[in-house]
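A.B. asks: The following file, protein00.tsv, comprises TSV, C-alpha atoms:
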chain	number	residue	atom	x	y	z
S	1240	MET	CA	88.59	123.18	2.20
S	1241	TRP	CA	88.67	125.02	-1.16
S	1242	TRP	CA	85.97	122.72	-2.50
S	1243	LYS	CA	83.58	123.86	0.25
S	1244	THR	CA	84.08	127.45	-0.80
S	1245	MET	CA	83.47	126.59	-4.43
S	1246	MET	CA	80.28	124.75	-3.47
S	1247	VAL	CA	79.00	127.78	-1.55
S	1248	VAL	CA	79.86	130.17	-4.39
S	1249	GLY	CA	78.15	127.88	-6.90
S	1250	LEU	CA	75.13	127.43	-4.66
S	1251	ALA	CA	74.89	131.18	-4.11
S	1252	GLY	CA	74.78	131.68	-7.87
S	1253	ILE	CA	72.10	129.04	-8.31
S	1254	LEU	CA	70.02	130.46	-5.46
S	1255	GLY	CA	70.39	133.93	-6.93
S	1256	LEU	CA	69.00	132.71	-10.23
S	1257	ALA	CA	66.21	130.80	-8.51
S	1258	ALA	CA	65.31	133.86	-6.45
S	1259	GLY	CA	64.65	135.81	-9.61
S	1260	CYS	CA	67.86	137.80	-9.90
S	1261	SER	CA	67.37	138.83	-13.48
S	1262	THR	CA	69.79	141.74	-13.42
S	1263	LYS	CA	73.06	140.77	-15.03
S	1264	THR	CA	76.22	142.10	-13.49
S	1265	SER	CA	79.74	141.94	-14.77
S	1266	ASP	CA	83.03	142.39	-13.00
S	1267	VAL	CA	83.11	145.89	-14.49
S	1268	ASP	CA	80.14	146.76	-12.25
S	1269	LEU	CA	82.05	145.71	-9.16
S	1270	GLU	CA	84.47	147.98	-7.34
S	1271	VAL	CA	87.25	146.20	-5.47
S	1272	THR	CA	88.61	148.04	-2.44
S	1273	THR	CA	91.52	147.78	-0.01
S	1274	ALA	CA	92.02	147.99	3.77
S	1275	PRO	CA	93.18	151.64	3.73
S	1276	LYS	CA	90.16	152.65	1.64
S	1277	VAL	CA	87.81	150.74	3.96
S	1278	THR	CA	89.35	152.47	6.97
S	1279	ASN	CA	88.85	155.84	5.27
S	1280	LEU	CA	85.25	155.04	4.31
S	1281	LEU	CA	84.37	153.95	7.83
S	1282	ALA	CA	85.99	157.05	9.35
S	1283	ASN	CA	84.38	159.55	7.00
S	1284	SER	CA	80.98	158.18	6.03
S	1285	HIS	CA	79.13	159.25	9.18
S	1286	GLY	CA	77.59	155.80	9.59
S	1287	GLN	CA	76.45	155.51	6.00
S	1288	THR	CA	78.93	152.75	5.12
S	1289	VAL	CA	77.81	149.29	6.15
S	1290	LEU	CA	80.53	146.67	6.46
S	1291	VAL	CA	79.17	143.15	5.86
S	1292	ASP	CA	80.99	139.96	6.82
S	1293	VAL	CA	79.54	137.26	4.55
S	1294	ARG	CA	81.08	134.27	6.34
S	1295	THR	CA	79.24	131.85	8.60
S	1296	ALA	CA	78.08	133.02	12.02
S	1297	SER	CA	80.73	130.87	13.71
S	1298	ASP	CA	83.53	132.35	11.56
S	1299	TYR	CA	82.20	135.84	12.29
S	1300	ALA	CA	82.12	135.13	16.05
S	1301	ALA	CA	85.71	133.84	15.92
S	1302	GLY	CA	86.90	137.23	14.69
S	1303	HIS	CA	85.57	140.08	12.53
S	1304	ILE	CA	86.25	143.71	11.71
S	1305	PRO	CA	84.82	145.98	14.42
S	1306	GLY	CA	81.45	147.41	13.42
S	1307	ALA	CA	80.78	144.77	10.77
S	1308	ILE	CA	77.44	143.03	10.61
S	1309	ASN	CA	77.13	139.38	9.69
S	1310	ILE	CA	74.96	138.37	6.76
S	1311	TYR	CA	75.95	134.91	5.55
S	1312	ILE	CA	76.19	134.84	1.76
S	1313	LEU	CA	73.24	132.47	1.41
S	1314	ASP	CA	71.10	134.76	3.59
S	1315	ILE	CA	71.56	137.88	1.46
S	1316	THR	CA	68.13	139.00	0.27
S	1317	GLU	CA	66.56	141.95	-1.42
S	1318	GLY	CA	65.39	144.76	0.88
S	1319	ASP	CA	67.31	143.75	4.01
S	1320	PRO	CA	66.48	146.45	6.60
S	1321	ARG	CA	70.05	146.36	7.93
S	1322	LEU	CA	71.18	147.74	4.57
S	1323	ALA	CA	68.34	150.21	3.99
S	1324	ASP	CA	70.24	153.34	5.08
S	1325	ALA	CA	73.57	152.37	3.56
S	1326	LYS	CA	75.13	154.81	1.14
S	1327	THR	CA	77.94	152.29	0.54
S	1328	ILE	CA	78.03	148.57	1.28
S	1329	VAL	CA	81.42	146.90	1.70
S	1330	VAL	CA	81.43	143.10	1.76
S	1331	TYR	CA	84.30	140.93	2.93
S	1332	SER	CA	85.17	137.39	3.98
S	1333	SER	CA	88.41	135.74	5.05
S	1334	GLY	CA	90.36	137.09	2.09
S	1335	GLN	CA	91.39	133.59	1.12
S	1336	ASP	CA	88.28	132.74	-0.87
S	1337	MET	CA	85.90	134.33	-3.35
S	1338	LEU	CA	82.90	134.69	-1.03
S	1339	SER	CA	83.07	138.49	-0.98
S	1340	TRP	CA	83.13	138.59	-4.79
S	1341	ALA	CA	80.12	136.27	-5.02
S	1342	ALA	CA	78.25	138.19	-2.31
S	1343	ALA	CA	78.92	141.57	-3.94
S	1344	LYS	CA	77.74	140.27	-7.30
S	1345	LYS	CA	74.61	138.84	-5.67
S	1346	MET	CA	73.87	142.18	-3.98
S	1347	LEU	CA	74.26	144.06	-7.25
S	1348	ALA	CA	71.95	141.58	-8.97
S	1349	LEU	CA	69.39	142.13	-6.19
S	1350	GLY	CA	69.46	145.87	-6.83
S	1351	TYR	CA	71.76	147.15	-4.09
S	1352	LYS	CA	73.84	150.16	-5.13
S	1353	ASN	CA	77.42	151.19	-4.31
S	1354	VAL	CA	78.53	147.70	-3.33
S	1355	MET	CA	82.27	147.25	-2.87
S	1356	ASP	CA	84.21	144.00	-2.68
S	1357	PHE	CA	86.90	144.09	0.00
S	1358	ARG	CA	88.57	141.09	-1.58
S	1359	GLY	CA	91.56	141.09	0.77
S	1360	GLY	CA	89.10	140.65	3.61
S	1361	LEU	CA	90.04	139.83	7.16
S	1362	ALA	CA	93.55	138.71	6.18
S	1363	GLU	CA	94.40	142.06	4.56
S	1364	TRP	CA	92.71	143.93	7.40
S	1365	LYS	CA	94.95	142.20	9.97
S	1366	ASN	CA	98.07	142.62	7.80
S	1367	ASN	CA	97.41	146.38	7.76
S	1368	GLY	CA	97.22	146.51	11.56
S	1369	GLY	CA	93.43	146.50	11.78
S	1370	ALA	CA	91.77	145.41	15.00
S	1371	VAL	CA	89.61	142.30	15.18
S	1372	THR	CA	86.61	141.79	17.46
S	1373	LYS	CA	85.44	138.39	18.71
S	1374	GLY	CA	81.89	137.40	19.57
S	1375	LYS	CA	78.58	138.40	18.09
How does this structure look as structure tokens?
C.D. replies:
Amino acid sequence: MWWKTMMVVGLAGILGLAAGCSTKTSDVDLEVTTAPKVTNLLANSHGQTVLVDVRTASDYAAGHIPGAINIYILDITEGDPRLADAKTIVVYSSGQDMLSWAAAKKMLALGYKNVMDFRGGLAEWKNNGGAVTKGK
């Protein structure tokens, strides 16, 4: 299964280059966050924090953080209207892969600001007692 994740991360990078992502980003540009910080952001941002699950639609439907939207990593594009009013964007995946890291880097390269990588993802969310919603 790990090889599928690596293929997606590699493909995302290639597609980002092909799409004209000329902005270089480093890991220094990327803020990594935790479940307690995500909870705080969601509670105090007055709807200006957008939580993005970057897994497949079927993985999202099987269980996601309440209030999260689903934008599969390969479908992340510049100027997505679902992200237009976001003051902060928090991306996550299962927490057992690097999809959130790749997605956050892709968003930064596309010009999105205040992107955070919730690297612990759904696994850390559940471990901290967070609720999970099923369905679309």
A.B. asks: From (77.3, 155.0, 1.4), in the file's coordinates, out to 6 Å: which residues are reached, counting only C-alpha atoms? Answer as number ranges by chain.
C.D. replies: S: 1287-1288, 1325-1327
A.B. asks: What separation in Å, quoted to one decimal, exists between atom CA of S:Gly1359 and atom CA of S:Leu1338?
C.D. replies: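 Atom CA of S:Gly1359 sits 10.9 Å away from atom CA of S:Leu1338.
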A.B. asks: Taking all atoms listed in the file into account, name the residue in S:Thr1295, S:Thr1316, S:Asn1366, S:Ser1339 that is nearest to S:Thr1272.
C.D. replies: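 Between S:Thr1295, S:Thr1316, S:Asn1366, S:Ser1339, the residue approaching S:Thr1272 most closely is S:Ser1339.
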A.B. asks: Could you work out how far atom CA of S:Leu1349 lies from atom CA of S:Gly1302, giving the answer in Å with one decimal?
C.D. replies: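 Here the two named atoms are 27.7 Å from each other.
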A.B. asks: For atom CA of S:Asn1309 and atom CA of S:Lys1365, determine how far apart the two atoms are, in Å to one decimal place.
C.D. replies: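 Result for atom CA of S:Asn1309 versus atom CA of S:Lys1365: 18.0 Å, one decimal.
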A.B. asks: For S:Ser1333, list every protein, DNA or RNA residue within 10 Å, evaluated using only C-alpha atoms, and leave out those in the same chain fewer than 4 positions away; present the list as number ranges by chain.
C.D. replies: S: 1292-1294, 1298-1299, 1302-1303, 1337-1339, 1357-1364
A.B. asks: Output C-alpha atoms for every residue in the selection just made, as an mmCIF file, keeping the file's coordinate frame.
C.D. replies:
data_model
loop_
_atom_site.group_PDB
_atom_site.id
_atom_site.type_symbol
_atom_site.label_atom_id
_atom_site.label_comp_id
_atom_site.auth_asym_id
_atom_site.auth_seq_id
_atom_site.Cartn_x
_atom_site.Cartn_y
_atom_site.Cartn_z
ATOM 1 C CA ASP S 1292 80.990 139.960 6.820
ATOM 2 C CA VAL S 1293 79.540 137.260 4.550
ATOM 3 C CA ARG S 1294 81.080 134.270 6.340
ATOM 4 C CA ASP S 1298 83.530 132.350 11.560
ATOM 5 C CA TYR S 1299 82.200 135.840 12.290
ATOM 6 C CA GLY S 1302 86.900 137.230 14.690
ATOM 7 C CA HIS S 1303 85.570 140.080 12.530
ATOM 8 C CA MET S 1337 85.900 134.330 -3.350
ATOM 9 C CA LEU S 1338 82.900 134.690 -1.030
ATOM 10 C CA SER S 1339 83.070 138.490 -0.980
ATOM 11 C CA PHE S 1357 86.900 144.090 0.000
ATOM 12 C CA ARG S 1358 88.570 141.090 -1.580
ATOM 13 C CA GLY S 1359 91.560 141.090 0.770
ATOM 14 C CA GLY S 1360 89.100 140.650 3.610
ATOM 15 C CA LEU S 1361 90.040 139.830 7.160
ATOM 16 C CA ALA S 1362 93.550 138.710 6.180
ATOM 17 C CA GLU S 1363 94.400 142.060 4.560
ATOM 18 C CA TRP S 1364 92.710 143.930 7.400
#
